[in-house]
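Written below as structure tokens is the structure these notes are about.
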Amino acid sequence: MYESLVNFINKLIYVPDEGMVHPGLPAGWVAFIFLSMVVIALRYIFLSVKPGTGFKYPIINSFIKKIVTRPWLLVSLRLFAASIFLIVIYAGLFGTPIPEKNIATVLTWTIWWSGVVVSIFFVGSAWCAICPWDAVATWLVRQKLWKRASETSSLNLRVPKILRSVWPALIMFIGLTWLELGVGVTVSPYATALMALLMVVLATISLAVYERKAFCRYFCAVGRTIGAYSSIAPIALAPVNEQTCAECTTLECYKGSEEIEPCPTHLVMGRLTQNTYCTSCGACSMSCPHENVSWQLRGIGSEITQASRTTALRGRVDEAWFILGLVALTIFHGVTMMPYWESTIHKFAYSIGDSGQLLLSFSFGMLISMLIPIILFIVAIKLTQKLLSNREEYNRIFSSLALSILPLAFTYHIAHNLTHLVRESAGFWSVVFNPLGTNALPLSMGELHMRHMNPLIADNIVFALQGLLVIFGFWLALRIAKHRFLQITETNKVNLIAFMPMMLFISMISLMDLWLLMQPMVMRM
Amino acid sequence: MKIKKSVLLIVLASVFFVNQVFAHHVLGRPSYSLGEDSNTPPSMQVETQTGEYYITYMAFPAFPKPNQSGRVNLYASRIDNGQTFNGKVTFKVRDDSWFSSEEEILGTQEIDDGVYRQGFVFSKAGHYIVTAEFQAGGEPYTIDFPLRIGEPDSIGPIGIAVVIIIIVIVAVNITQRRRLQRLKAKQHHSDRV
């Protein structure tokens with residue numbers, strides 16, 4: 001039976017006739033992942049989940065305390081990140097246009113964009129704390145390295161109500177994906193530098209016009225992606241002692257102190273129920289007079305599974321759409337790197353008379369690819385609403401259950417990026433020593449083959465990590481979904497029939513992710 | 001005819017939009033390659049699809065300098081059956097700057113071993129657009145490709161970003177100072193009353 005399963009899986013793997021591609025998951029691994037998913041699904045159908053106590057472990061040794069309460073490390077890291085960022089802009093504008101020989105493209109797309117998603121798993125939203133877009137904008141507008149600036153440095157206007165959601169970030173994310181995969185910014189150092197400059201300009205304007213850090217809170221696609229993913233990360237900034245926060249009346253974490261800026265995203269540590277908007281900037285930990293804020297280890301996804309019914313049903317629709325957008329866009333990333341994507345788009349373009357870069361055809365493909373998971377999710381939620389006995393409002397179920405698909409986007413995103421990181425970052429040191437690629441030549445076919453054959457990590461380890469990620473994402477998605485059902489229905493037992501549409505949706509997306517990972521992937525550079 | 005015109009417009013627009021580009025699997029963006037064990041300079045290649053034809057354009061060398069001779073090769077084959085276009089291709093060139101409209105004809109070439117070859121020598125460094133024009137099936141085809149001569153002059157984007165940032169910061173500062181002055185005056189007035 002196992003052999004016939006493997007044979008069947010092999011038939012699902014597309015082997016391209018030509019071109020250099022990264023290998024996908026072998027059939028043996030796919031069979032193992034599939035069987036694991038079946039076991040997990042059965043476990044969540046037939047066994048109940050317990051709320052649990054929620055594991056929390058504040059990291060409060062003296063070294064960590066020094067790091068989180070003093071600004072020197074953060075400022076040093078910000079200076080370092082900003083310096084690298086300026087080098088990237090300079091190299092992009094003035095360096096070689098050969099993408100694999102210019103630090104702008106290699107560092108931005110192969111190392112940073114692939115690595116930042118992986119980093120969330122280990123350090124939560126820490127990237128936002130040293131983000132060079134915000135750092136450069138802050139230094140320009142506030143004109144202070146880290147201390148609190150005068151009120152006059154910004155107009156401090158309230159963000160218009162229409163923009164006070166994560167819709168702008170989602171639109172920006174869709175736009176960035178279009179630029180990345182359609183226009184091909186990833187293979188253009190010049191366009192990469194232009195994009196970096198644009199981000200600094202946007203962050204600066206936002207900081208100069210709106211109060212606190214509206215760019216990070218509402219507009220930044222990268223920040224909101226990190227924020228969404230970090231809500232399931234096993235590490236976050238949190239109060240060491242909740243009672244201390246409960247008794248606090250001065251709220252320095254929210255208002256700031258004489259020297260330290262207030263929370264850039266309007267959070268009060270003592271009332272923090274979700275970590276999504278925390279940028280890990282450390283303002284709260286530095287301003288807290290009780291030194292009561294520190295990094296905390298916690299159960300993966302516990303922020304969602306431990307939520308109360310009120311919190312579960314208070315989820316915002318825009319945040320739910322952002323998560324759905326993440327699921328759709330991560331799948332789309334995978335689809336565009338399939339060997340047959342290009343030929344399909346060419347054929348479609350020919351049939352409609354599209355020309356040039358085929359952006360019209362690409363945009364249409366992107367729209368369809370994004371619509372499919374969105375429509376399926378809406379159908380699943382509609383069915384759930386019908387099957388639930390207490391008939392909650394549609395938007396409440398939609399926003400509450402959207403969190404259960406977040407692990408699918410997160411784990412697939414990491415699994416997909418692992419391939420880029422491991423197989424395409426081989427030339428990193430050559431661009432470190434020659435960031436502008438002065439007198440550099442493109443890779444010869446021999447060099448390309450060498451890079452292709454020598455990934456940073458052995459193939460089997462990459463396959464194992466990807467397999468575990470898919471299994472883990474599926475498990476966590478079902479776990480969160482089941483907890484959300486308990487929170488919505490306020491019962492101890494999940495209505496299995498009502499649970500089925502979500503279970504099917506999660507299974508479909510996981511199988512799609514698995515299918516994408518088993519296909520060969522086109523090399524980016 | 002209307003459709004063809006719009007097709008040509010899209011080609012032109014897309015090439016203008018990304019006039020400094022490169023690619024492996026993104027159509028219409030230049031990519032740079034080097035043959036295995038080759039000691040020749042790298043070549044720049046752009047692939048694009050327009051109307052009935054799949055076009056490949058190659059420039060040798062990839063980064064030509066002023067007064068250095070180079071050439072462009074153009075391959076055109078039908079998308080439906082792969083048949084090579086057999087006719088004449090006219091190559092034109094113009095400066096890719098905002099205020100330049102001067103166009104110069106580089107030459108008209110006939111097919112030679114499946115390729116249309118056009119030589120060039122530029123005396124000034126800068127960004128240029130090479131246009132290839134041909135007629136096939138009664139329809140005109142116009143395809144633009146970018147060509148950079150010499151070192152890039154990329155002060156433009158940095159200059160624009162710096163100017164925008166300075167304008168915003170100065171405007172915010174002036175507005176806030178005026179607001180503060182108004183507030184002070186108001187306070188002073190109410191103190192006196």
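Following the order of the structure tokens, chains are lettered A, B, ..., residues in each are numbered from 1, and ligands are numbered from 1.
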
Would you kindly return, as a list in words, each protein, DNA or RNA residue with an atom no farther than 6 Å from any atom of segment 132-145 of chain B, considering only C-alpha atoms and excluding same-chain residues fewer than 3 positions away?
-> Val89, Thr90, Phe91 and Ile129 of chain B

Which residues are near segment 110-118 of chain B? Cut-off 7 Å, only C-alpha atoms, ignore same chain within fewer than 5 positions. Put them as a PDB file with N, CA and C atoms, in the first residue's frame.
```
ATOM      1  N   ARG B  71      27.110  45.426 -30.690  1.00  0.00           N
ATOM      2  CA  ARG B  71      26.043  45.080 -31.635  1.00  0.00           C
ATOM      3  C   ARG B  71      24.846  44.515 -30.886  1.00  0.00           C
ATOM      4  N   VAL B  72      23.712  44.639 -31.548  1.00  0.00           N
ATOM      5  CA  VAL B  72      22.519  43.989 -31.004  1.00  0.00           C
ATOM      6  C   VAL B  72      22.100  42.896 -31.969  1.00  0.00           C
ATOM      7  N   ASN B  73      21.654  41.798 -31.415  1.00  0.00           N
ATOM      8  CA  ASN B  73      21.101  40.706 -32.217  1.00  0.00           C
ATOM      9  C   ASN B  73      19.628  40.577 -31.901  1.00  0.00           C
ATOM     10  N   LEU B  74      18.818  40.411 -32.911  1.00  0.00           N
ATOM     11  CA  LEU B  74      17.393  40.247 -32.669  1.00  0.00           C
ATOM     12  C   LEU B  74      16.890  38.960 -33.312  1.00  0.00           C
ATOM     13  N   TYR B  75      16.210  38.154 -32.519  1.00  0.00           N
ATOM     14  CA  TYR B  75      15.603  36.909 -33.010  1.00  0.00           C
ATOM     15  C   TYR B  75      14.096  37.075 -32.893  1.00  0.00           C
ATOM     16  N   THR B  84      10.766  31.309 -37.968  1.00  0.00           N
ATOM     17  CA  THR B  84      11.530  32.554 -37.854  1.00  0.00           C
ATOM     18  C   THR B  84      10.962  33.618 -38.793  1.00  0.00           C
ATOM     19  N   ASN B  86      11.036  36.321 -41.476  1.00  0.00           N
ATOM     20  CA  ASN B  86      11.966  36.540 -42.573  1.00  0.00           C
ATOM     21  C   ASN B  86      11.563  37.821 -43.301  1.00  0.00           C
ATOM     22  N   GLY B  87      12.207  38.921 -42.957  1.00  0.00           N
ATOM     23  CA  GLY B  87      11.870  40.197 -43.592  1.00  0.00           C
ATOM     24  C   GLY B  87      12.965  41.197 -43.291  1.00  0.00           C
ATOM     25  N   LYS B  88      12.568  42.427 -43.059  1.00  0.00           N
ATOM     26  CA  LYS B  88      13.556  43.457 -42.734  1.00  0.00           C
ATOM     27  C   LYS B  88      13.215  44.066 -41.380  1.00  0.00           C
ATOM     28  N   VAL B  89      14.249  44.358 -40.598  1.00  0.00           N
ATOM     29  CA  VAL B  89      14.043  44.990 -39.286  1.00  0.00           C
ATOM     30  C   VAL B  89      14.829  46.303 -39.254  1.00  0.00           C
TER      31      VAL B  89
END
```

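Counting only C-alpha atoms, the residue from B:His188, B:Lys92, B:Arg178, B:Arg148 that sits nearest to Ala59 of chain B is B:Arg148.
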
Select from chain A every residue with an atom at most 7 Å from any atom of chain B, then for each give the shortest pair of atoms and their distance in Å to one decimal, using only C-alpha atoms, rows by chain and rising number, as a Markdown table.
```
| residue | atom | partner | partner_atom | distance |
| --- | --- | --- | --- | --- |
| A:Leu93 | CA | B:Ser154 | CA | 5.6 |
| A:Phe94 | CA | B:Pro152 | CA | 6.3 |
| A:Ile98 | CA | B:Tyr32 | CA | 6.2 |
| A:Val141 | CA | B:Ile169 | CA | 6.4 |
| A:Thr152 | CA | B:Gln176 | CA | 5.5 |
| A:Ser153 | CA | B:Asn173 | CA | 6.4 |
| A:Ser154 | CA | B:Val172 | CA | 6.3 |
| A:Leu155 | CA | B:Val172 | CA | 6.2 |
| A:Gly184 | CA | B:Val26 | CA | 5.8 |
| A:Val187 | CA | B:Ala23 | CA | 5.5 |
| A:Ser188 | CA | B:Val21 | CA | 5.4 |
| A:Tyr190 | CA | B:Gln20 | CA | 6.9 |
| A:Leu194 | CA | B:Pro157 | CA | 6.9 |
| A:Leu197 | CA | B:Ala161 | CA | 6.6 |
| A:Val201 | CA | B:Ile165 | CA | 6.4 |
| A:Thr204 | CA | B:Ile165 | CA | 6.9 |
| A:Ile205 | CA | B:Val168 | CA | 6.5 |
| A:Ala208 | CA | B:Val172 | CA | 6.6 |
| A:Gly353 | CA | B:Gly51 | CA | 5.9 |
| A:Asp354 | CA | B:Val7 | CA | 6.4 |
| A:Ser355 | CA | B:Thr50 | CA | 4.4 |
| A:Gly356 | CA | B:Val11 | CA | 4.3 |
| A:Gln357 | CA | B:Gly28 | CA | 4.7 |
| A:Leu441 | CA | B:Pro42 | CA | 6.5 |
| A:Pro442 | CA | B:Ser33 | CA | 5.4 |
| A:Leu443 | CA | B:Leu34 | CA | 6.5 |
| A:Ser444 | CA | B:Leu34 | CA | 5.0 |
| A:Met445 | CA | B:Glu36 | CA | 5.3 |
| A:Gly446 | CA | B:Glu36 | CA | 6.0 |
| A:Arg524 | CA | B:His24 | CA | 7.0 |
| A:Met525 | CA | B:His24 | CA | 6.9 |
```

Give me a file of those residues, with C-alpha atoms, as an mmCIF file, in the first residue's frame.
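See part14.cif below for the written result:
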```cif
data_model
loop_
_atom_site.group_PDB
_atom_site.id
_atom_site.type_symbol
_atom_site.label_atom_id
_atom_site.label_comp_id
_atom_site.auth_asym_id
_atom_site.auth_seq_id
_atom_site.Cartn_x
_atom_site.Cartn_y
_atom_site.Cartn_z
ATOM 1 C CA LEU A 93 21.730 52.511 -7.835
ATOM 2 C CA PHE A 94 25.412 52.523 -8.697
ATOM 3 C CA ILE A 98 23.728 41.597 -12.581
ATOM 4 C CA VAL A 141 11.944 63.456 11.624
ATOM 5 C CA THR A 152 6.834 69.784 17.348
ATOM 6 C CA SER A 153 8.829 67.297 15.303
ATOM 7 C CA SER A 154 5.604 65.901 13.888
ATOM 8 C CA LEU A 155 2.152 67.251 13.063
ATOM 9 C CA GLY A 184 10.598 41.259 -11.349
ATOM 10 C CA VAL A 187 16.183 40.473 -10.221
ATOM 11 C CA SER A 188 16.812 44.191 -10.518
ATOM 12 C CA TYR A 190 18.159 49.291 -9.411
ATOM 13 C CA LEU A 194 14.141 52.440 -5.713
ATOM 14 C CA LEU A 197 14.007 54.607 -1.105
ATOM 15 C CA VAL A 201 10.007 58.268 1.968
ATOM 16 C CA THR A 204 9.183 59.557 6.832
ATOM 17 C CA ILE A 205 6.019 61.232 5.541
ATOM 18 C CA ALA A 208 6.073 63.581 10.090
ATOM 19 C CA GLY A 353 -3.058 39.427 -27.253
ATOM 20 C CA ASP A 354 -1.051 40.554 -24.238
ATOM 21 C CA SER A 355 2.490 41.794 -24.953
ATOM 22 C CA GLY A 356 5.755 42.911 -23.407
ATOM 23 C CA GLN A 357 6.176 41.804 -19.809
ATOM 24 C CA LEU A 441 30.730 38.802 -14.544
ATOM 25 C CA PRO A 442 27.436 36.910 -14.622
ATOM 26 C CA LEU A 443 27.509 33.349 -13.397
ATOM 27 C CA SER A 444 28.609 30.900 -16.044
ATOM 28 C CA MET A 445 26.595 27.741 -16.533
ATOM 29 C CA GLY A 446 29.344 25.859 -14.663
ATOM 30 C CA ARG A 524 15.271 32.963 -8.784
ATOM 31 C CA MET A 525 18.867 34.063 -9.340
#
```

Of the candidates A:Leu272, A:Leu514, A:Ser404, A:Arg314, which shows the shortest atom-to-atom distance to Lys482 of chain A, using only C-alpha atoms?
-> A:Ser404

All residues 12 Å or closer to Leu73 of chain A, only C-alpha atoms, same chain fewer than 6 positions away omitted, as a ChimeraX atom specification | /A:63-67,79-80,129-130,146,281-282,286

Can those selected residues be exported to a file as a PDB file, in the first residue's frame so that it contains N, CA and C atoms?
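The resulting file, out.pdb, is reproduced below:
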```pdb
ATOM      1  N   PHE A  63      21.434  39.826  32.469  1.00  0.00           N
ATOM      2  CA  PHE A  63      21.897  40.222  31.141  1.00  0.00           C
ATOM      3  C   PHE A  63      20.722  40.697  30.270  1.00  0.00           C
ATOM      4  N   ILE A  64      19.658  39.880  30.236  1.00  0.00           N
ATOM      5  CA  ILE A  64      18.475  40.242  29.440  1.00  0.00           C
ATOM      6  C   ILE A  64      17.878  41.549  29.966  1.00  0.00           C
ATOM      7  N   LYS A  65      17.874  41.690  31.281  1.00  0.00           N
ATOM      8  CA  LYS A  65      17.315  42.900  31.889  1.00  0.00           C
ATOM      9  C   LYS A  65      18.076  44.139  31.391  1.00  0.00           C
ATOM     10  N   LYS A  66      19.405  43.996  31.358  1.00  0.00           N
ATOM     11  CA  LYS A  66      20.221  45.116  30.880  1.00  0.00           C
ATOM     12  C   LYS A  66      19.882  45.428  29.422  1.00  0.00           C
ATOM     13  N   ILE A  67      19.707  44.383  28.658  1.00  0.00           N
ATOM     14  CA  ILE A  67      19.437  44.580  27.232  1.00  0.00           C
ATOM     15  C   ILE A  67      18.092  45.277  27.020  1.00  0.00           C
ATOM     16  N   LEU A  79      21.680  51.193  14.165  1.00  0.00           N
ATOM     17  CA  LEU A  79      22.724  51.863  13.374  1.00  0.00           C
ATOM     18  C   LEU A  79      23.330  50.896  12.365  1.00  0.00           C
ATOM     19  N   PHE A  80      23.547  49.658  12.824  1.00  0.00           N
ATOM     20  CA  PHE A  80      24.125  48.646  11.949  1.00  0.00           C
ATOM     21  C   PHE A  80      23.166  48.343  10.782  1.00  0.00           C
ATOM     22  N   ALA A 129      12.034  46.116  15.487  1.00  0.00           N
ATOM     23  CA  ALA A 129      12.765  46.978  16.415  1.00  0.00           C
ATOM     24  C   ALA A 129      14.002  47.578  15.766  1.00  0.00           C
ATOM     25  N   ILE A 130      14.575  46.866  14.791  1.00  0.00           N
ATOM     26  CA  ILE A 130      15.793  47.392  14.160  1.00  0.00           C
ATOM     27  C   ILE A 130      15.555  47.738  12.686  1.00  0.00           C
ATOM     28  N   TRP A 146      17.757  58.166  19.996  1.00  0.00           N
ATOM     29  CA  TRP A 146      16.809  57.269  20.650  1.00  0.00           C
ATOM     30  C   TRP A 146      15.914  57.986  21.659  1.00  0.00           C
ATOM     31  N   CYS A 281       9.969  47.372  19.978  1.00  0.00           N
ATOM     32  CA  CYS A 281      10.899  48.509  19.962  1.00  0.00           C
ATOM     33  C   CYS A 281      11.551  48.726  21.324  1.00  0.00           C
ATOM     34  N   GLY A 282      10.965  48.152  22.358  1.00  0.00           N
ATOM     35  CA  GLY A 282      11.565  48.244  23.685  1.00  0.00           C
ATOM     36  C   GLY A 282      11.220  49.516  24.435  1.00  0.00           C
ATOM     37  N   MET A 286      11.947  49.960  28.437  1.00  0.00           N
ATOM     38  CA  MET A 286      12.891  50.995  28.883  1.00  0.00           C
ATOM     39  C   MET A 286      12.210  52.047  29.765  1.00  0.00           C
TER      40      MET A 286
END
```

DSSP alpha helix (DSSP H) residues within segment 322-485 of chain A, listed as an MDAnalysis selection string | chainID A and resid 322:336 339:352 359:387 394:402 406:424 428:433 445:453 459:485

Write out as a ChimeraX atom specification each polymer residue whose atoms come within 9 Å of His416 of chain A, counting only C-alpha atoms; drop sequence neighbours fewer than 3 positions from it.
-> /A:114,330,333-334,411-413,419-420,466,516-517

Now that the selection is made, can you save its residues with C-alpha atoms as a CSV table (one decimal), in the first residue's frame?
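As a result, part.csv now contains:
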```csv
chain,number,residue,atom,x,y,z
A,114,SER,CA,13.7,34.9,3.1
A,330,THR,CA,2.1,32.7,0.1
A,333,HIS,CA,4.4,32.8,-4.4
A,334,GLY,CA,4.8,29.0,-4.7
A,411,THR,CA,4.8,27.4,8.0
A,412,TYR,CA,4.5,27.3,4.2
A,413,HIS,CA,6.1,30.7,4.0
A,419,THR,CA,14.6,26.8,-0.4
A,420,HIS,CA,15.6,30.3,-1.4
A,466,GLN,CA,9.9,21.4,5.2
A,516,LEU,CA,3.6,23.0,-4.1
A,517,LEU,CA,6.6,21.8,-2.0
```

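Distances here use only C-alpha atoms; by that measure, the residue among B:Gln45, B:Thr108, B:Thr131, B:Gln181 closest to Phe60 of chain B is B:Gln45.
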
Would you please work out which residue, of A:Gly427, A:Gly467, A:Pro99, A:Pro435, is nearest to Glu447 of chain A when using only C-alpha atoms?
->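 Closest to Glu447 of chain A of all the choices is A:Gly427.
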